[in-house]
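Report on the following structure.
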Amino acid sequence: MASEADVIAATREWVEKAVIGLNLCPFARSVWVKNQVRIVVSTARHVDGLLDDLDRELDLLASTPAEEIDTTLLVHPTLFPDFLTFNDFLDIADEVVAEHDLEGVIQVASFHPDYQFEGTEPDDISNFTNRSPFPTLHLLREDSIERAVATDAGNADEIVERNIETLRRLGLAGWQALWAKR
């Protein structure tokens, strides 16, 4: 198992090279440079422990001004090696958001090393828009998303299509070159 420092370093590299570097999330750069992105590594040994971590992170995000923490990446390096199991867990994560009365306030986006959109083949380059080094729950403030979309980012569907087109232009070889150690 990778150390917490290694997990954070790999996640930071992914955010910087892919999410920001390829502009997969047009709102990420501004919160990243202001140190408003919290990266938390869960070491829970079971789903119940991860749910406890999710509870804590939702409470913290909801009670902390966006100027301090705008978004949280809750990373678990070992609990969900299988994407479909992780994908099923997202329903539970959404239920936890509802239990905290945070629907419409915070939403959960997901990233996984083997992310696969429905109707695509595993090696389809479009899947790489949501591929991260480790299974990750991204806790986002909905008002921050709305502000960012209103400024200049376009709507969510346009962003998804633009990301897929970016990765198609890059291709698998370009994606692999992005991660080649220099």
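If you're wondering about the labels, chains in the structure tokens are A, B, ... by order shown, residues count from 1 in each chain, ligands from 1 in order shown.
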
For Ser3 of chain A, work out the shell of residues within 12 Å, counting only C-alpha atoms and skipping chain neighbours fewer than 3 positions away, then give it as a VMD selection string.
chain A and resid 6 to 10 41 to 43 76 to 78

Nearby residues (only C-alpha atoms) at most 12 Å from segment 127-130 of chain A, same-chain spacing under 6 positions excluded, as a short mmCIF file (atom, residue, chain, number, x, y, z; two decimals) with N, CA and C atoms, in the first residue's frame:
data_model
loop_
_atom_site.label_atom_id
_atom_site.label_comp_id
_atom_site.auth_asym_id
_atom_site.auth_seq_id
_atom_site.Cartn_x
_atom_site.Cartn_y
_atom_site.Cartn_z
N TRP A 14 -1.96 14.44 -10.56
CA TRP A 14 -3.12 14.25 -11.44
C TRP A 14 -3.91 15.55 -11.60
N VAL A 15 -4.15 16.24 -10.48
CA VAL A 15 -4.89 17.51 -10.56
C VAL A 15 -4.11 18.50 -11.43
N ALA A 18 -3.58 16.73 -15.33
CA ALA A 18 -4.77 16.37 -16.10
C ALA A 18 -5.92 17.36 -15.87
N VAL A 19 -6.34 17.49 -14.64
CA VAL A 19 -7.52 18.30 -14.35
C VAL A 19 -7.28 19.76 -14.73
N ILE A 20 -6.15 20.31 -14.30
CA ILE A 20 -5.83 21.70 -14.63
C ILE A 20 -5.05 21.78 -15.93
N LEU A 22 -4.86 19.92 -18.58
CA LEU A 22 -5.66 19.68 -19.79
C LEU A 22 -6.97 20.47 -19.75
N ASN A 23 -7.16 21.26 -18.71
CA ASN A 23 -8.36 22.07 -18.51
C ASN A 23 -9.64 21.21 -18.50
N LEU A 24 -9.55 20.02 -17.87
CA LEU A 24 -10.71 19.16 -17.79
C LEU A 24 -11.77 19.74 -16.86
N CYS A 25 -11.35 20.55 -15.92
CA CYS A 25 -12.30 21.27 -15.06
C CYS A 25 -11.92 22.75 -15.13
N PHE A 83 -14.01 -0.98 -10.24
CA PHE A 83 -14.78 0.22 -10.56
C PHE A 83 -16.27 0.03 -10.34
N ALA A 109 -18.86 14.01 -6.98
CA ALA A 109 -18.41 13.55 -8.29
C ALA A 109 -17.41 12.42 -8.02
N SER A 110 -17.22 11.56 -9.01
CA SER A 110 -16.38 10.39 -8.77
C SER A 110 -15.28 10.26 -9.82
N PHE A 111 -14.16 9.72 -9.35
CA PHE A 111 -13.00 9.44 -10.19
C PHE A 111 -12.42 8.11 -9.74
N HIS A 112 -11.91 7.36 -10.69
CA HIS A 112 -11.39 6.02 -10.39
C HIS A 112 -10.36 5.66 -11.46
N PRO A 113 -9.34 4.87 -11.10
CA PRO A 113 -8.34 4.47 -12.10
C PRO A 113 -8.91 3.69 -13.28
N ASP A 114 -10.04 3.02 -13.09
CA ASP A 114 -10.66 2.24 -14.16
C ASP A 114 -12.03 2.79 -14.54
N TYR A 115 -12.23 4.09 -14.37
CA TYR A 115 -13.53 4.69 -14.65
C TYR A 115 -13.98 4.31 -16.06
N GLN A 116 -15.27 4.01 -16.17
CA GLN A 116 -15.81 3.65 -17.48
C GLN A 116 -17.24 4.18 -17.59
N PHE A 117 -17.46 5.04 -18.56
CA PHE A 117 -18.80 5.53 -18.84
C PHE A 117 -19.64 4.40 -19.41
N GLU A 118 -20.91 4.42 -19.07
CA GLU A 118 -21.83 3.42 -19.60
C GLU A 118 -21.83 3.50 -21.13
N GLY A 119 -21.79 2.33 -21.76
CA GLY A 119 -21.84 2.27 -23.21
C GLY A 119 -20.50 2.44 -23.90
N THR A 120 -19.40 2.50 -23.11
CA THR A 120 -18.08 2.62 -23.72
C THR A 120 -17.28 1.36 -23.45
N GLU A 121 -16.27 1.15 -24.26
CA GLU A 121 -15.32 0.07 -24.02
C GLU A 121 -14.31 0.54 -22.97
N THR A 136 -11.65 8.17 -5.88
CA THR A 136 -11.76 9.49 -5.26
C THR A 136 -13.21 9.97 -5.29
N LEU A 137 -13.66 10.46 -4.14
CA LEU A 137 -14.94 11.15 -4.04
C LEU A 137 -14.63 12.64 -4.01
N HIS A 138 -15.19 13.36 -4.95
CA HIS A 138 -14.95 14.80 -5.03
C HIS A 138 -16.19 15.50 -4.48
N ILE A 159 -18.91 21.13 -21.15
CA ILE A 159 -17.62 20.81 -20.54
C ILE A 159 -17.28 19.35 -20.77
N VAL A 160 -18.25 18.46 -20.57
CA VAL A 160 -18.02 17.03 -20.79
C VAL A 160 -17.62 16.77 -22.23
N GLU A 161 -18.34 17.34 -23.17
CA GLU A 161 -18.02 17.14 -24.59
C GLU A 161 -16.65 17.71 -24.93
N ARG A 162 -16.33 18.88 -24.39
CA ARG A 162 -15.01 19.49 -24.63
C ARG A 162 -13.90 18.60 -24.07
N ASN A 163 -14.12 18.02 -22.88
CA ASN A 163 -13.12 17.14 -22.28
C ASN A 163 -12.89 15.90 -23.13
N ILE A 164 -13.97 15.31 -23.61
CA ILE A 164 -13.84 14.11 -24.45
C ILE A 164 -13.08 14.46 -25.73
N GLU A 165 -13.39 15.60 -26.31
CA GLU A 165 -12.69 16.02 -27.53
C GLU A 165 -11.21 16.29 -27.24
N THR A 166 -10.91 16.90 -26.11
CA THR A 166 -9.51 17.13 -25.71
C THR A 166 -8.76 15.82 -25.63
N LEU A 167 -9.35 14.82 -25.00
CA LEU A 167 -8.67 13.54 -24.86
C LEU A 167 -8.60 12.79 -26.18
N ARG A 168 -9.58 12.93 -27.03
CA ARG A 168 -9.49 12.29 -28.36
C ARG A 168 -8.33 12.88 -29.16
N LEU A 170 -5.67 14.25 -27.84
CA LEU A 170 -4.46 13.82 -27.14
C LEU A 170 -4.14 12.37 -27.45
N GLY A 171 -5.17 11.52 -27.45
CA GLY A 171 -4.99 10.10 -27.72
C GLY A 171 -4.33 9.36 -26.56
N LEU A 172 -4.39 8.05 -26.64
CA LEU A 172 -3.83 7.22 -25.58
C LEU A 172 -2.32 7.44 -25.44
N GLY A 174 -0.64 10.13 -26.09
CA GLY A 174 -0.44 11.43 -25.45
C GLY A 174 -0.73 11.37 -23.96
N TRP A 175 -1.79 10.63 -23.59
CA TRP A 175 -2.12 10.46 -22.17
C TRP A 175 -0.98 9.75 -21.45
N GLN A 176 -0.47 8.68 -22.05
CA GLN A 176 0.63 7.94 -21.44
C GLN A 176 1.88 8.80 -21.34
#

For the structure I just gave you, how does DSSP split chain A - specifically, which residues are strand (DSSP E)? Reply as a VMD selection string.
chain A and resid 37 to 41 71 to 75 106 to 111 136 to 141

Cut-off 12 Å: closest segment 112-158 of chain A/segment 62-66 of chain A atom pairs per residue, using only C-alpha atoms, as a tab-separated table:
residue	atom	partner	partner_atom	distance
A:Leu139	CA	A:Ala62	CA	10.2
A:Leu140	CA	A:Ala62	CA	10.2
A:Arg141	CA	A:Ala66	CA	8.2
A:Glu142	CA	A:Ala66	CA	11.1
A:Asp143	CA	A:Ala66	CA	9.8
A:Ser144	CA	A:Ala66	CA	8.2
A:Ile145	CA	A:Ala66	CA	11.7

May I have the residues within 8 Å of segment 33-38 of chain A as a compact mmCIF listing (two decimals) with N, CA, C and O atoms, in the first residue's frame, using only C-alpha atoms and disregarding those fewer than 4 positions away in the same chain?
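Below you can see around.txt, which holds the result:
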# COMPACT_ATOMS: atom_id res chain seq x y z
N ARG A 29 -8.48 25.54 -11.55
CA ARG A 29 -7.25 26.33 -11.39
C ARG A 29 -7.39 27.40 -10.31
O ARG A 29 -6.51 27.56 -9.46
N ALA A 66 -16.05 28.88 2.04
CA ALA A 66 -15.44 28.47 0.77
C ALA A 66 -14.08 29.11 0.56
O ALA A 66 -13.22 28.53 -0.10
N GLU A 67 -13.87 30.27 1.13
CA GLU A 67 -12.58 30.95 0.99
C GLU A 67 -11.46 30.15 1.64
O GLU A 67 -10.29 30.31 1.30
N GLU A 68 -11.82 29.28 2.58
CA GLU A 68 -10.83 28.42 3.23
C GLU A 68 -10.75 27.05 2.57
O GLU A 68 -9.66 26.56 2.29
N ILE A 69 -11.90 26.40 2.38
CA ILE A 69 -11.97 25.10 1.70
C ILE A 69 -13.13 25.17 0.73
O ILE A 69 -14.29 25.24 1.15
N ASP A 70 -12.84 25.17 -0.55
CA ASP A 70 -13.91 25.24 -1.53
C ASP A 70 -14.37 23.85 -1.95
O ASP A 70 -15.53 23.65 -2.28
N THR A 71 -13.47 22.90 -1.94
CA THR A 71 -13.79 21.56 -2.41
C THR A 71 -12.87 20.55 -1.73
O THR A 71 -11.78 20.91 -1.28
N THR A 72 -13.33 19.30 -1.65
CA THR A 72 -12.55 18.26 -0.99
C THR A 72 -12.45 17.04 -1.89
O THR A 72 -13.43 16.61 -2.48
N LEU A 73 -11.25 16.48 -1.96
CA LEU A 73 -11.02 15.20 -2.62
C LEU A 73 -10.77 14.18 -1.52
O LEU A 73 -9.78 14.26 -0.80

From the DSSP assignment of the backbone, select every residue of segment 117-166 of chain A that is helix (DSSP H, G or I), and format the answer as a PDB file with N, CA, C and O atoms, in the first residue's frame.
ATOM      1  N   ILE A 125     -10.923   6.339 -24.902  1.00  0.00           N
ATOM      2  CA  ILE A 125     -10.198   7.484 -24.342  1.00  0.00           C
ATOM      3  C   ILE A 125     -11.124   8.415 -23.569  1.00  0.00           C
ATOM      4  O   ILE A 125     -10.681   9.096 -22.637  1.00  0.00           O
ATOM      5  N   SER A 126     -12.421   8.424 -23.866  1.00  0.00           N
ATOM      6  CA  SER A 126     -13.331   9.308 -23.135  1.00  0.00           C
ATOM      7  C   SER A 126     -13.380   8.962 -21.648  1.00  0.00           C
ATOM      8  O   SER A 126     -13.612   9.841 -20.813  1.00  0.00           O
ATOM      9  N   ASN A 127     -13.158   7.713 -21.302  1.00  0.00           N
ATOM     10  CA  ASN A 127     -13.165   7.297 -19.900  1.00  0.00           C
ATOM     11  C   ASN A 127     -12.062   7.983 -19.093  1.00  0.00           C
ATOM     12  O   ASN A 127     -12.182   8.145 -17.873  1.00  0.00           O
ATOM     13  N   PHE A 128     -11.011   8.383 -19.759  1.00  0.00           N
ATOM     14  CA  PHE A 128      -9.863   8.963 -19.073  1.00  0.00           C
ATOM     15  C   PHE A 128     -10.170  10.353 -18.505  1.00  0.00           C
ATOM     16  O   PHE A 128      -9.413  10.858 -17.681  1.00  0.00           O
ATOM     17  N   THR A 129     -11.285  10.965 -18.914  1.00  0.00           N
ATOM     18  CA  THR A 129     -11.656  12.250 -18.319  1.00  0.00           C
ATOM     19  C   THR A 129     -11.936  12.096 -16.834  1.00  0.00           C
ATOM     20  O   THR A 129     -11.833  13.074 -16.084  1.00  0.00           O
ATOM     21  N   ASN A 130     -12.310  10.891 -16.399  1.00  0.00           N
ATOM     22  CA  ASN A 130     -12.637  10.644 -14.993  1.00  0.00           C
ATOM     23  C   ASN A 130     -11.705   9.622 -14.351  1.00  0.00           C
ATOM     24  O   ASN A 130     -12.052   9.026 -13.336  1.00  0.00           O
ATOM     25  N   GLU A 142     -22.162  23.265  -4.595  1.00  0.00           N
ATOM     26  CA  GLU A 142     -22.964  23.554  -5.780  1.00  0.00           C
ATOM     27  C   GLU A 142     -22.970  25.038  -6.114  1.00  0.00           C
ATOM     28  O   GLU A 142     -22.962  25.392  -7.289  1.00  0.00           O
ATOM     29  N   ASP A 143     -22.933  25.917  -5.113  1.00  0.00           N
ATOM     30  CA  ASP A 143     -22.918  27.348  -5.431  1.00  0.00           C
ATOM     31  C   ASP A 143     -21.603  27.749  -6.105  1.00  0.00           C
ATOM     32  O   ASP A 143     -21.584  28.627  -6.963  1.00  0.00           O
ATOM     33  N   SER A 144     -20.516  27.082  -5.776  1.00  0.00           N
ATOM     34  CA  SER A 144     -19.240  27.366  -6.447  1.00  0.00           C
ATOM     35  C   SER A 144     -19.300  26.935  -7.915  1.00  0.00           C
ATOM     36  O   SER A 144     -18.780  27.634  -8.793  1.00  0.00           O
ATOM     37  N   ILE A 145     -19.925  25.803  -8.158  1.00  0.00           N
ATOM     38  CA  ILE A 145     -20.083  25.334  -9.539  1.00  0.00           C
ATOM     39  C   ILE A 145     -20.936  26.320 -10.326  1.00  0.00           C
ATOM     40  O   ILE A 145     -20.579  26.707 -11.448  1.00  0.00           O
ATOM     41  N   GLU A 146     -22.046  26.734  -9.736  1.00  0.00           N
ATOM     42  CA  GLU A 146     -22.946  27.669 -10.416  1.00  0.00           C
ATOM     43  C   GLU A 146     -22.251  28.979 -10.746  1.00  0.00           C
ATOM     44  O   GLU A 146     -22.399  29.514 -11.842  1.00  0.00           O
ATOM     45  N   ARG A 147     -21.462  29.493  -9.800  1.00  0.00           N
ATOM     46  CA  ARG A 147     -20.722  30.741 -10.057  1.00  0.00           C
ATOM     47  C   ARG A 147     -19.716  30.546 -11.189  1.00  0.00           C
ATOM     48  O   ARG A 147     -19.588  31.396 -12.072  1.00  0.00           O
ATOM     49  N   ALA A 148     -19.009  29.438 -11.163  1.00  0.00           N
ATOM     50  CA  ALA A 148     -17.996  29.198 -12.188  1.00  0.00           C
ATOM     51  C   ALA A 148     -18.634  29.038 -13.565  1.00  0.00           C
ATOM     52  O   ALA A 148     -18.142  29.580 -14.557  1.00  0.00           O
ATOM     53  N   VAL A 149     -19.723  28.304 -13.635  1.00  0.00           N
ATOM     54  CA  VAL A 149     -20.412  28.106 -14.913  1.00  0.00           C
ATOM     55  C   VAL A 149     -20.948  29.434 -15.420  1.00  0.00           C
ATOM     56  O   VAL A 149     -20.871  29.729 -16.623  1.00  0.00           O
ATOM     57  N   ALA A 150     -21.459  30.267 -14.532  1.00  0.00           N
ATOM     58  CA  ALA A 150     -22.018  31.556 -14.931  1.00  0.00           C
ATOM     59  C   ALA A 150     -20.950  32.505 -15.465  1.00  0.00           C
ATOM     60  O   ALA A 150     -21.237  33.344 -16.315  1.00  0.00           O
ATOM     61  N   THR A 151     -19.714  32.363 -14.995  1.00  0.00           N
ATOM     62  CA  THR A 151     -18.672  33.301 -15.416  1.00  0.00           C
ATOM     63  C   THR A 151     -18.232  33.074 -16.847  1.00  0.00           C
ATOM     64  O   THR A 151     -18.303  33.968 -17.665  1.00  0.00           O
ATOM     65  N   ASP A 152     -17.765  31.843 -17.146  1.00  0.00           N
ATOM     66  CA  ASP A 152     -17.283  31.654 -18.517  1.00  0.00           C
ATOM     67  C   ASP A 152     -17.109  30.202 -18.924  1.00  0.00           C
ATOM     68  O   ASP A 152     -16.651  29.928 -20.029  1.00  0.00           O
ATOM     69  N   ALA A 153     -17.446  29.275 -18.100  1.00  0.00           N
ATOM     70  CA  ALA A 153     -17.103  27.891 -18.378  1.00  0.00           C
ATOM     71  C   ALA A 153     -18.075  27.186 -19.320  1.00  0.00           C
ATOM     72  O   ALA A 153     -17.745  26.162 -19.879  1.00  0.00           O
ATOM     73  N   ALA A 156     -22.513  22.278 -18.113  1.00  0.00           N
ATOM     74  CA  ALA A 156     -21.833  21.022 -17.780  1.00  0.00           C
ATOM     75  C   ALA A 156     -21.733  20.093 -18.981  1.00  0.00           C
ATOM     76  O   ALA A 156     -20.698  19.449 -19.183  1.00  0.00           O
ATOM     77  N   ASP A 157     -22.775  20.003 -19.790  1.00  0.00           N
ATOM     78  CA  ASP A 157     -22.735  19.134 -20.969  1.00  0.00           C
ATOM     79  C   ASP A 157     -21.649  19.576 -21.949  1.00  0.00           C
ATOM     80  O   ASP A 157     -20.957  18.748 -22.534  1.00  0.00           O
ATOM     81  N   GLU A 158     -21.499  20.893 -22.120  1.00  0.00           N
ATOM     82  CA  GLU A 158     -20.454  21.402 -23.012  1.00  0.00           C
ATOM     83  C   GLU A 158     -19.067  21.058 -22.472  1.00  0.00           C
ATOM     84  O   GLU A 158     -18.164  20.737 -23.242  1.00  0.00           O
ATOM     85  N   ILE A 159     -18.913  21.132 -21.152  1.00  0.00           N
ATOM     86  CA  ILE A 159     -17.618  20.813 -20.545  1.00  0.00           C
ATOM     87  C   ILE A 159     -17.281  19.345 -20.774  1.00  0.00           C
ATOM     88  O   ILE A 159     -16.157  19.013 -21.155  1.00  0.00           O
ATOM     89  N   VAL A 160     -18.246  18.465 -20.572  1.00  0.00           N
ATOM     90  CA  VAL A 160     -18.018  17.027 -20.790  1.00  0.00           C
ATOM     91  C   VAL A 160     -17.617  16.770 -22.233  1.00  0.00           C
ATOM     92  O   VAL A 160     -16.634  16.063 -22.504  1.00  0.00           O
ATOM     93  N   GLU A 161     -18.345  17.339 -23.167  1.00  0.00           N
ATOM     94  CA  GLU A 161     -18.016  17.141 -24.593  1.00  0.00           C
ATOM     95  C   GLU A 161     -16.646  17.709 -24.934  1.00  0.00           C
ATOM     96  O   GLU A 161     -15.878  17.092 -25.677  1.00  0.00           O
ATOM     97  N   ARG A 162     -16.328  18.878 -24.386  1.00  0.00           N
ATOM     98  CA  ARG A 162     -15.013  19.486 -24.633  1.00  0.00           C
ATOM     99  C   ARG A 162     -13.901  18.602 -24.068  1.00  0.00           C
ATOM    100  O   ARG A 162     -12.854  18.419 -24.697  1.00  0.00           O
ATOM    101  N   ASN A 163     -14.124  18.023 -22.885  1.00  0.00           N
ATOM    102  CA  ASN A 163     -13.124  17.143 -22.280  1.00  0.00           C
ATOM    103  C   ASN A 163     -12.893  15.903 -23.129  1.00  0.00           C
ATOM    104  O   ASN A 163     -11.748  15.482 -23.333  1.00  0.00           O
ATOM    105  N   ILE A 164     -13.965  15.308 -23.610  1.00  0.00           N
ATOM    106  CA  ILE A 164     -13.840  14.115 -24.454  1.00  0.00           C
ATOM    107  C   ILE A 164     -13.082  14.463 -25.726  1.00  0.00           C
ATOM    108  O   ILE A 164     -12.181  13.729 -26.143  1.00  0.00           O
ATOM    109  N   GLU A 165     -13.394  15.603 -26.314  1.00  0.00           N
ATOM    110  CA  GLU A 165     -12.692  16.022 -27.529  1.00  0.00           C
ATOM    111  C   GLU A 165     -11.206  16.289 -27.237  1.00  0.00           C
ATOM    112  O   GLU A 165     -10.330  15.915 -28.022  1.00  0.00           O
ATOM    113  N   THR A 166     -10.910  16.897 -26.107  1.00  0.00           N
ATOM    114  CA  THR A 166      -9.515  17.135 -25.708  1.00  0.00           C
ATOM    115  C   THR A 166      -8.755  15.819 -25.632  1.00  0.00           C
ATOM    116  O   THR A 166      -7.639  15.699 -26.157  1.00  0.00           O
TER     117      THR A 166
END

Mind dumping a table of every segment 8-80 of chain A residue within 12 Å of segment 98-104 of chain A, with the nearest atom pair and its distance in Å to one decimal, using only C-alpha atoms, sorted by chain and rising number, as JSON lines?
{"residue": "A:Leu51", "atom": "CA", "partner": "A:Glu99", "partner_atom": "CA", "distance": 11.8}
{"residue": "A:Leu54", "atom": "CA", "partner": "A:His100", "partner_atom": "CA", "distance": 10.6}
{"residue": "A:Asp55", "atom": "CA", "partner": "A:His100", "partner_atom": "CA", "distance": 8.0}
{"residue": "A:Arg56", "atom": "CA", "partner": "A:His100", "partner_atom": "CA", "distance": 10.5}
{"residue": "A:Glu57", "atom": "CA", "partner": "A:His100", "partner_atom": "CA", "distance": 11.1}
{"residue": "A:Leu58", "atom": "CA", "partner": "A:His100", "partner_atom": "CA", "distance": 7.8}
{"residue": "A:Asp59", "atom": "CA", "partner": "A:His100", "partner_atom": "CA", "distance": 7.9}
{"residue": "A:Leu60", "atom": "CA", "partner": "A:His100", "partner_atom": "CA", "distance": 11.5}
{"residue": "A:Leu61", "atom": "CA", "partner": "A:Leu102", "partner_atom": "CA", "distance": 10.5}
{"residue": "A:Ala62", "atom": "CA", "partner": "A:Leu102", "partner_atom": "CA", "distance": 8.0}
{"residue": "A:Ser63", "atom": "CA", "partner": "A:Leu102", "partner_atom": "CA", "distance": 11.3}

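Counting from atom CA of Asp82 of chain A, the distance to atom CA of Val96 of chain A is 21.3 Å.
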
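You will find atom CA of Ile92 of chain A at 20.5 Å from atom CA of Arg131 of chain A.
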
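You will find atom CA of Phe89 of chain A at 8.8 Å from atom CA of Val47 of chain A.
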
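Proximity of A:Ile106, A:Met1, A:Ala180, A:Leu50 to Asp94 of chain A, computed with only C-alpha atoms, is greatest for A:Ile106.
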